[in-house]
Amino acid sequence: MPCPYGIDIPGVFAHYNRMVSAGQRLNSSNDENYRKARRAFLIGYDRSVPKIRQADYCIGCNLCRPQCPQRINIPKEMQEIDRYAEQLKQKLVF
């Protein structure tokens with residue numbers, strides 16, 4: 001975890017990827033089991049990654065990018081995961 005701001009990069013990715021792998025990524029509030037999947041994601045996120053280490057604390061400094069062996073644009077992905085989580089929190093249609 002090369003983040004100087006303490007973002008739990010592996011934890012954030014692990015939780016998001018588990019949800020995607022399980023076929024629980026929501027695309028719309030009209031999705032089947034929306035409420036259940038929304039709740040599972042948000043509660044699971046808070047339990048697996050402490051709030052102060054979640055994606056919304058990423059400032060996009062890019063210090064993590066050279067350290068990533070998979071060449072992932074980590075700040076961009078953190079922004080996307082945070083946007084998704086915020087949409088779920090606000091119950092927005094996306």
# chains A, B, ... in the order shown; residues from 1 in each chain; ligands from 1
>>> residues_around(residues="range 65-71 of chain A", least_positions_apart="5", cutoff="12 Å", atoms="only C-alpha atoms", output="PyMOL selection string")
chain A and resi 1-3+9-10+60+76-78
>>> write_last_selection(atoms="all heavy atoms", output="mmCIF file, in the first residue's frame")
data_model
loop_
_atom_site.group_PDB
_atom_site.id
_atom_site.type_symbol
_atom_site.label_atom_id
_atom_site.label_comp_id
_atom_site.auth_asym_id
_atom_site.auth_seq_id
_atom_site.Cartn_x
_atom_site.Cartn_y
_atom_site.Cartn_z
ATOM 1 N N MET A 1 0.840 -1.185 0.000
ATOM 2 C CA MET A 1 0.000 0.000 0.000
ATOM 3 C C MET A 1 0.884 1.246 0.000
ATOM 4 O O MET A 1 1.201 1.759 1.054
ATOM 5 C CB MET A 1 -0.885 0.019 1.237
ATOM 6 C CG MET A 1 -2.229 -0.545 1.007
ATOM 7 S SD MET A 1 -3.396 -0.328 2.336
ATOM 8 C CE MET A 1 -2.474 0.091 3.749
ATOM 9 N N PRO A 2 1.246 1.722 -1.138
ATOM 10 C CA PRO A 2 2.128 2.883 -1.184
ATOM 11 C C PRO A 2 1.408 4.221 -1.019
ATOM 12 O O PRO A 2 1.965 5.250 -1.336
ATOM 13 C CB PRO A 2 2.759 2.764 -2.573
ATOM 14 C CG PRO A 2 1.695 2.124 -3.396
ATOM 15 C CD PRO A 2 1.008 1.156 -2.457
ATOM 16 N N CYS A 3 0.200 4.243 -0.511
ATOM 17 C CA CYS A 3 -0.544 5.505 -0.408
ATOM 18 C C CYS A 3 -0.091 6.296 0.820
ATOM 19 O O CYS A 3 -0.251 5.839 1.957
ATOM 20 C CB CYS A 3 -2.041 5.243 -0.314
ATOM 21 S SG CYS A 3 -2.992 6.774 -0.158
ATOM 22 N N ILE A 9 -5.795 0.629 -0.608
ATOM 23 C CA ILE A 9 -5.995 0.334 -2.026
ATOM 24 C C ILE A 9 -6.363 -1.131 -2.248
ATOM 25 O O ILE A 9 -7.372 -1.416 -2.906
ATOM 26 C CB ILE A 9 -4.759 0.758 -2.852
ATOM 27 C CG1 ILE A 9 -4.574 2.274 -2.756
ATOM 28 C CG2 ILE A 9 -4.894 0.318 -4.308
ATOM 29 C CD1 ILE A 9 -3.228 2.775 -3.243
ATOM 30 N N PRO A 10 -5.606 -2.085 -1.691
ATOM 31 C CA PRO A 10 -5.983 -3.491 -1.897
ATOM 32 C C PRO A 10 -7.351 -3.825 -1.304
ATOM 33 O O PRO A 10 -8.117 -4.586 -1.898
ATOM 34 C CB PRO A 10 -4.878 -4.279 -1.182
ATOM 35 C CG PRO A 10 -3.742 -3.335 -1.037
ATOM 36 C CD PRO A 10 -4.341 -1.973 -0.958
ATOM 37 N N GLY A 60 -5.816 11.827 -5.515
ATOM 38 C CA GLY A 60 -5.309 11.759 -6.878
ATOM 39 C C GLY A 60 -3.876 12.230 -7.031
ATOM 40 O O GLY A 60 -3.504 12.763 -8.073
ATOM 41 N N LYS A 76 -7.775 7.014 -10.792
ATOM 42 C CA LYS A 76 -8.997 6.988 -11.622
ATOM 43 C C LYS A 76 -9.956 5.917 -11.123
ATOM 44 O O LYS A 76 -11.166 6.147 -11.015
ATOM 45 C CB LYS A 76 -8.627 6.728 -13.079
ATOM 46 C CG LYS A 76 -9.827 6.656 -14.001
ATOM 47 C CD LYS A 76 -9.371 6.392 -15.430
ATOM 48 C CE LYS A 76 -10.540 6.198 -16.343
ATOM 49 N NZ LYS A 76 -10.933 4.815 -16.478
ATOM 50 N N GLU A 77 -9.430 4.738 -10.813
ATOM 51 C CA GLU A 77 -10.278 3.646 -10.323
ATOM 52 C C GLU A 77 -10.864 3.974 -8.949
ATOM 53 O O GLU A 77 -12.016 3.648 -8.675
ATOM 54 C CB GLU A 77 -9.495 2.332 -10.287
ATOM 55 C CG GLU A 77 -9.073 1.836 -11.653
ATOM 56 C CD GLU A 77 -10.241 1.593 -12.595
ATOM 57 O OE1 GLU A 77 -11.290 1.082 -12.155
ATOM 58 O OE2 GLU A 77 -10.106 1.911 -13.790
ATOM 59 N N MET A 78 -10.085 4.612 -8.087
ATOM 60 C CA MET A 78 -10.603 5.014 -6.773
ATOM 61 C C MET A 78 -11.755 6.002 -6.948
ATOM 62 O O MET A 78 -12.767 5.927 -6.261
ATOM 63 C CB MET A 78 -9.503 5.646 -5.900
ATOM 64 C CG MET A 78 -8.455 4.691 -5.404
ATOM 65 S SD MET A 78 -9.085 3.482 -4.231
ATOM 66 C CE MET A 78 -8.768 1.971 -5.145
#
>>> residues_around(residues="Tyr16 in chain A", least_positions_apart="4", cutoff="8 Å", atoms="only C-alpha atoms", output="PyMOL selection string")
chain A and resi 12+20+81
>>> closest_residue(among="A:Lys91, A:Ala85, A:His15, A:Ile74", to="Ser29 in chain A", atoms="only C-alpha atoms")
A:Lys91
>>> residues_around(residues="Arg38 in chain A", least_positions_apart="3", cutoff="9 Å", atoms="only C-alpha atoms", output="number ranges by chain")
A: 24-26, 33-35, 41-43, 88-89, 91
>>> write_last_selection(atoms="C-alpha atoms", output="compact mmCIF listing (two decimals), in the first residue's frame")
# COMPACT_ATOMS: atom_id res chain seq x y z
CA GLN A 24 -23.88 -7.92 -7.71
CA ARG A 25 -22.76 -4.71 -9.43
CA LEU A 26 -25.90 -2.66 -9.81
CA ASN A 33 -32.73 -7.26 -5.61
CA TYR A 34 -31.52 -3.62 -5.74
CA ARG A 35 -32.20 -2.93 -2.06
CA PHE A 41 -22.27 -3.46 -0.78
CA LEU A 42 -22.43 -0.51 1.60
CA ILE A 43 -22.33 -2.53 4.82
CA LEU A 88 -25.61 3.84 -3.73
CA LYS A 89 -25.51 5.96 -0.56
CA LYS A 91 -29.98 5.98 -3.77
>>> atom_distance(atom1="CA of Asp56 in chain A", atom2="CA of Asp82 in chain A")
5.3 Å
>>> closest_residue(among="A:Asn73, A:Gln79, A:Gln90, A:Cys58", to="Tyr5 in chain A", atoms="only C-alpha atoms")
A:Cys58
>>> closest_residue(among="A:Ile7, A:Ala14, A:Ile72, A:Tyr84", to="Ser48 in chain A", atoms="only C-alpha atoms")
A:Ala14
